[in-house]
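Peer 1: Sharing protein-v4.cif (mmCIF, C-alpha atoms) below.
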data_protein
#
loop_
_atom_site.label_atom_id
_atom_site.label_comp_id
_atom_site.auth_asym_id
_atom_site.auth_seq_id
_atom_site.Cartn_x
_atom_site.Cartn_y
_atom_site.Cartn_z
CA MET A 1329 -7.50 3.38 11.75
CA ILE A 1330 -6.79 5.43 8.60
CA PHE A 1331 -6.73 9.17 9.20
CA ARG A 1332 -7.87 11.80 6.71
CA LEU A 1333 -5.54 14.77 6.51
CA THR A 1334 -6.73 18.35 6.25
CA GLU A 1335 -4.94 21.54 5.25
CA ARG A 1336 -3.46 21.63 8.74
CA LEU A 1337 0.20 20.59 8.70
CA LEU A 1338 -0.10 17.62 11.03
CA PHE A 1339 0.27 13.83 10.95
CA PRO A 1340 -1.17 11.29 13.40
CA ASP A 1341 1.10 9.12 15.54
CA PRO A 1342 2.83 6.65 13.14
CA ALA A 1343 2.26 3.85 15.67
CA LEU A 1344 -1.45 4.02 14.75
CA ALA A 1345 -0.80 2.83 11.19
CA GLU A 1346 -2.69 -0.16 9.79
CA PRO A 1347 -0.93 -3.57 9.69
CA ASP A 1348 0.21 -2.84 6.12
CA GLY A 1349 1.65 0.51 7.22
CA LEU A 1350 -1.08 2.74 5.79
CA LEU A 1351 -1.53 5.67 8.16
CA ALA A 1352 -3.34 8.52 6.45
CA VAL A 1353 -4.94 9.72 3.24
CA GLY A 1354 -5.17 13.15 1.65
CA GLY A 1355 -3.19 16.31 2.26
CA ASP A 1356 -0.72 17.57 -0.31
CA LEU A 1357 2.87 17.20 -1.47
CA SER A 1358 4.11 20.59 -0.32
CA THR A 1359 7.74 20.79 0.71
CA GLU A 1360 6.70 21.47 4.31
CA ARG A 1361 4.43 18.44 4.51
CA LEU A 1362 6.94 16.12 2.84
CA LEU A 1363 9.70 17.19 5.20
CA LEU A 1364 7.45 16.71 8.23
CA ALA A 1365 6.50 13.27 6.91
CA TYR A 1366 10.08 12.06 6.50
CA GLN A 1367 11.09 13.52 9.85
CA SER A 1368 8.20 11.52 11.37
CA GLY A 1369 9.04 8.22 9.66
CA ILE A 1370 6.24 8.59 7.10
CA PHE A 1371 6.36 8.57 3.28
CA PRO A 1372 3.83 8.94 0.43
CA TRP A 1373 3.12 5.96 -1.82
CA TYR A 1374 0.16 6.00 -4.17
CA SER A 1375 -0.85 6.02 -7.84
CA ASP A 1376 -2.71 8.33 -10.22
CA ASP A 1377 -6.06 6.65 -9.53
CA THR A 1378 -5.93 7.07 -5.73
CA PRO A 1379 -5.68 10.01 -3.35
CA ILE A 1380 -2.32 10.63 -1.66
CA LEU A 1381 -1.61 7.72 0.69
CA TRP A 1382 0.86 8.03 3.58
CA TYR A 1383 2.66 5.00 5.02
CA SER A 1384 4.67 4.23 8.14
CA PRO A 1385 5.51 0.49 8.23
CA HIS A 1386 5.63 -1.22 11.61
CA GLU A 1387 8.93 -2.73 10.51
CA ARG A 1388 11.41 -0.80 8.38
CA PHE A 1389 13.64 -2.36 5.73
CA VAL A 1390 17.04 -0.70 6.07
CA LEU A 1391 20.68 -1.08 5.13
CA PHE A 1392 23.48 -0.25 7.55
CA PRO A 1393 26.68 0.79 5.69
CA ASP A 1394 28.86 -1.71 7.57
CA GLU A 1395 26.48 -4.52 6.58
CA LEU A 1396 26.64 -3.75 2.85
CA ASN A 1397 27.27 -6.94 0.89
CA ILE A 1398 29.30 -6.43 -2.29
CA SER A 1399 29.74 -9.62 -4.30
CA SER A 1400 33.05 -10.55 -5.91
CA SER A 1401 31.59 -9.95 -9.36
CA MET A 1402 30.34 -6.52 -8.31
CA LYS A 1403 33.77 -5.64 -6.93
CA ARG A 1404 35.22 -6.42 -10.35
CA VAL A 1405 32.66 -4.11 -11.95
CA LEU A 1406 33.54 -1.29 -9.56
CA ASN A 1407 37.27 -1.77 -10.17
CA SER A 1408 36.85 -1.84 -13.95
CA ASN A 1409 36.03 1.88 -14.19
CA ARG A 1410 33.21 0.91 -16.53
CA PHE A 1411 30.98 3.57 -15.02
CA LYS A 1412 31.37 7.20 -14.01
CA VAL A 1413 29.36 8.31 -10.97
CA THR A 1414 28.12 11.82 -10.19
CA PHE A 1415 25.88 13.30 -7.49
CA ASP A 1416 23.05 15.80 -7.91
CA LYS A 1417 24.02 16.52 -11.51
CA CYS A 1418 20.64 15.81 -13.14
CA PHE A 1419 18.03 15.00 -10.51
CA ALA A 1420 15.07 15.58 -12.82
CA ASP A 1421 16.43 13.12 -15.40
CA VAL A 1422 16.92 10.49 -12.70
CA ILE A 1423 13.41 10.74 -11.28
CA ARG A 1424 11.92 10.66 -14.78
CA ALA A 1425 13.95 7.56 -15.60
CA CYS A 1426 12.82 5.89 -12.37
CA ALA A 1427 9.19 6.65 -13.24
CA ALA A 1428 9.62 5.12 -16.71
CA VAL A 1429 11.04 1.79 -15.51
CA ASP A 1430 8.90 -1.24 -16.34
CA ARG A 1431 8.59 -3.10 -13.03
CA PRO A 1432 7.30 -6.71 -13.23
CA GLY A 1433 4.08 -7.21 -11.28
CA GLN A 1434 3.27 -3.50 -11.14
CA ASP A 1435 0.63 -1.80 -13.26
CA GLY A 1436 2.21 1.53 -14.14
CA THR A 1437 4.27 3.67 -11.77
CA TRP A 1438 3.72 5.18 -8.33
CA ILE A 1439 5.94 8.13 -9.29
CA THR A 1440 3.14 10.38 -10.53
CA ASP A 1441 3.62 13.71 -12.29
CA ASP A 1442 2.75 15.49 -9.04
CA MET A 1443 5.36 13.48 -7.18
CA LYS A 1444 8.00 14.27 -9.78
CA SER A 1445 7.28 17.98 -9.45
CA ALA A 1446 7.27 17.83 -5.63
CA TYR A 1447 10.58 15.98 -5.37
CA ILE A 1448 12.27 18.16 -7.96
CA LEU A 1449 11.30 21.11 -5.76
CA LEU A 1450 12.68 19.26 -2.73
CA HIS A 1451 15.92 18.80 -4.63
CA GLU A 1452 16.09 22.47 -5.60
CA GLN A 1453 15.78 23.32 -1.90
CA GLY A 1454 18.59 20.92 -0.96
CA TYR A 1455 16.60 18.10 0.66
CA ALA A 1456 16.37 15.49 -2.10
CA HIS A 1457 19.45 14.08 -3.82
CA SER A 1458 20.33 11.92 -6.77
CA VAL A 1459 23.15 9.62 -7.82
CA GLU A 1460 23.86 9.33 -11.53
CA VAL A 1461 25.71 6.50 -13.26
CA TRP A 1462 27.17 7.16 -16.70
CA GLN A 1463 28.59 4.95 -19.42
CA ASP A 1464 30.11 6.61 -22.48
CA ASP A 1465 28.44 9.89 -21.48
CA HIS A 1466 24.99 8.25 -21.37
CA LEU A 1467 22.89 8.13 -18.19
CA VAL A 1468 22.47 4.39 -17.64
CA GLY A 1469 21.47 4.17 -13.98
CA GLY A 1470 20.83 6.05 -10.80
CA MET A 1471 18.75 6.57 -7.70
CA TYR A 1472 17.16 9.39 -5.71
CA GLY A 1473 15.90 9.97 -2.22
CA VAL A 1474 15.51 12.38 0.68
CA ALA A 1475 18.17 13.08 3.30
CA VAL A 1476 16.99 13.44 6.90
CA GLY A 1477 20.13 14.20 8.86
CA THR A 1478 22.38 11.16 8.46
CA ILE A 1479 19.58 8.91 7.20
CA PHE A 1480 19.02 8.62 3.45
CA CYS A 1481 15.44 7.67 2.57
CA GLY A 1482 15.82 5.93 -0.77
CA GLU A 1483 12.83 6.42 -3.04
CA SER A 1484 13.62 4.66 -6.30
CA MET A 1485 16.40 3.53 -8.61
CA PHE A 1486 16.76 2.54 -12.25
CA SER A 1487 19.21 0.66 -14.40
CA LYS A 1488 19.46 0.56 -18.18
CA VAL A 1489 22.50 -1.73 -18.15
CA SER A 1490 23.54 -4.46 -15.73
CA ASN A 1491 24.88 -3.34 -12.34
CA ALA A 1492 24.27 0.40 -12.90
CA SER A 1493 21.78 0.79 -10.04
CA LYS A 1494 23.99 -1.28 -7.73
CA THR A 1495 26.87 1.04 -8.59
CA ALA A 1496 24.70 4.04 -7.64
CA LEU A 1497 23.74 2.50 -4.30
CA ILE A 1498 27.27 1.45 -3.37
CA SER A 1499 28.65 4.84 -4.41
CA LEU A 1500 26.11 6.63 -2.20
CA ILE A 1501 27.00 4.50 0.81
CA LYS A 1502 30.74 4.91 0.23
CA THR A 1503 30.42 8.69 0.53
CA GLY A 1504 30.25 8.09 4.29
CA LYS A 1505 27.56 10.74 4.71
CA TYR A 1506 24.84 8.42 5.97
CA LYS A 1507 24.60 6.04 8.90
CA LEU A 1508 21.52 4.34 7.48
CA LEU A 1509 19.84 3.80 4.12
CA ASP A 1510 16.06 3.55 4.55
CA CYS A 1511 14.76 1.18 1.87
CA GLN A 1512 11.21 1.53 3.27
CA VAL A 1513 9.78 -1.80 2.08
CA HIS A 1514 11.31 -5.21 1.43
CA THR A 1515 12.82 -6.19 -1.92
CA ASP A 1516 14.86 -9.30 -2.69
CA HIS A 1517 17.41 -7.12 -4.50
CA MET A 1518 18.14 -5.01 -1.43
CA GLU A 1519 18.11 -8.03 0.88
CA SER A 1520 20.85 -9.59 -1.25
CA MET A 1521 22.93 -6.47 -0.61
CA GLY A 1522 22.55 -6.70 3.16
CA ALA A 1523 19.33 -4.87 3.99
CA ARG A 1524 17.21 -6.16 6.87
CA MET A 1525 14.15 -5.35 8.93
CA ILE A 1526 14.27 -3.29 12.11
CA SER A 1527 11.40 -2.22 14.33
CA ARG A 1528 9.73 1.16 13.97
CA LYS A 1529 10.92 1.96 17.50
CA GLU A 1530 14.57 1.40 16.52
CA TYR A 1531 14.13 3.32 13.28
CA MET A 1532 12.48 6.29 14.99
CA ALA A 1533 15.22 6.40 17.62
CA MET A 1534 17.84 6.65 14.88
CA LEU A 1535 15.78 9.24 13.03
CA GLN A 1536 15.38 11.42 16.12
CA ASN A 1537 19.07 11.18 17.00
CA GLY A 1538 20.03 12.43 13.56
#
How would this structure read if it were set down as structure tokens?

Peer 2:
Amino acid sequence: MIFRLTERLLFPDPALAEPDGLLAVGGDLSTERLLLAYQSGIFPWYSDDTPILWYSPHERFVLFPDELNISSSMKRVLNSNRFKVTFDKCFADVIRACAAVDRPGQDGTWITDDMKSAYILLHEQGYAHSVEVWQDDHLVGGMYGVAVGTIFCGESMFSKVSNASKTALISLIKTGKYKLLDCQVHTDHMESMGARMISRKEYMAMLQNG
């Protein structure tokens, strides 16, 4: 059953989501609603031609730091000092770059103008964070997401040169701040780096324990 949200700040039980994870439609992207969503294991995912759609997958694609797979070639990249990595230096530039990425098989981007504005506000209030990867003083890769305690809910990443987004991901994990990276939905790229599926029950237990 798909629930229609009202102005009331409330989400239905995530366990009631459809098989594809779709739980609710409508509402807004206020900071309060977004924070409640992430704290409840829910995230928005929609496009300009649809209303706001809220998802809570029955299985969650996640990466545990101690299961991170770094290939030999990637280790050489990291040791080469080819890139410089910063955190929260230019969040708005990162989310705009993520929105502009041409993704095969996708018609346009799900990072709408409203979403960009909402997440920039989340960042300004200390909830959303970015990783920036630089080469010769040019922003060539990065990622952003929302921190919920010691879980980092990754939203999107981009790479203008080879291995830049991987460098961002590995650098985030190596900070030691997070016990789990929530990748939300499956991608071959993240699976190759060690991500795997866990049940919603396991994910929610980790979320609630901070």

Peer 1: For a test of reading the model, state the distance in Å between atom CA of Leu1391 of chain A and atom CA of Glu1360 of chain A, rounded to one decimal.

Peer 2: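 So the answer is 26.5 Å.
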
Peer 1: Apply the PyMOL selection byres ((chain A and resi 1384) around 12) to the displayed file and report the matching residues as a ChimeraX atom specification.

Peer 2: /A:1330,1339-1352,1365-1373,1381-1383,1385-1389,1510,1512-1513,1527-1529,1531-1532

Peer 1: Neighbouring residues of segment 1411-1415 of chain A were defined as those with any atom within 9 Å, considering only C-alpha atoms; residues of the same chain fewer than 6 positions away were excluded. Please report them as a list in words.

Peer 2: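 Near segment 1411-1415 of chain A, the qualifying residues are Val1405, His1457, Ser1458, Val1459, Glu1460, Val1461, Trp1462, Gln1463, Asp1464, Asp1465, Val1468, Gly1470, Ala1492, Thr1495, Ala1496, Ser1499 and Leu1500 of chain A.
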
Peer 1: Would you place a box with edges along x, y and z of the file around all atoms of segment 1485-1496 of chain A listed there, add 5 Å to each of its six sides, and report the centre and edge lengths in Å to one decimal, as lines of an AutoDock Vina configuration file?

Peer 2:
center_x = 21.6
center_y = -0.2
center_z = -12.9
size_x = 20.5
size_y = 18.5
size_z = 20.5

Peer 1: Please enumerate the residues selected by the PyMOL selection byres ((chain A and resi 1337) around 12) when evaluated against the supplied file, formatted as a list in words.

Peer 2: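 What the PyMOL selection byres ((chain A and resi 1337) around 12) grabs from the file is Leu1333, Thr1334, Glu1335, Arg1336, Leu1338, Phe1339, Pro1340, Gly1354, Gly1355, Asp1356, Leu1357, Ser1358, Thr1359, Glu1360, Arg1361, Leu1362, Leu1363, Leu1364 and Ala1365 of chain A.
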
Peer 1: Would you kindly translate the PyMOL selection byres ((chain A and resi 1423) around 10) into the concrete residues it picks from this file, as a list in words?

Peer 2: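 Selected by the PyMOL selection byres ((chain A and resi 1423) around 10) here: Cys1418, Phe1419, Ala1420, Asp1421, Val1422, Arg1424, Ala1425, Cys1426, Ala1427, Ala1428, Ile1439, Met1443, Lys1444, Ser1445, Tyr1447, Ile1448, Ser1458, Gly1470, Met1471, Tyr1472, Gly1473, Glu1483, Ser1484, Met1485 and Phe1486 of chain A.
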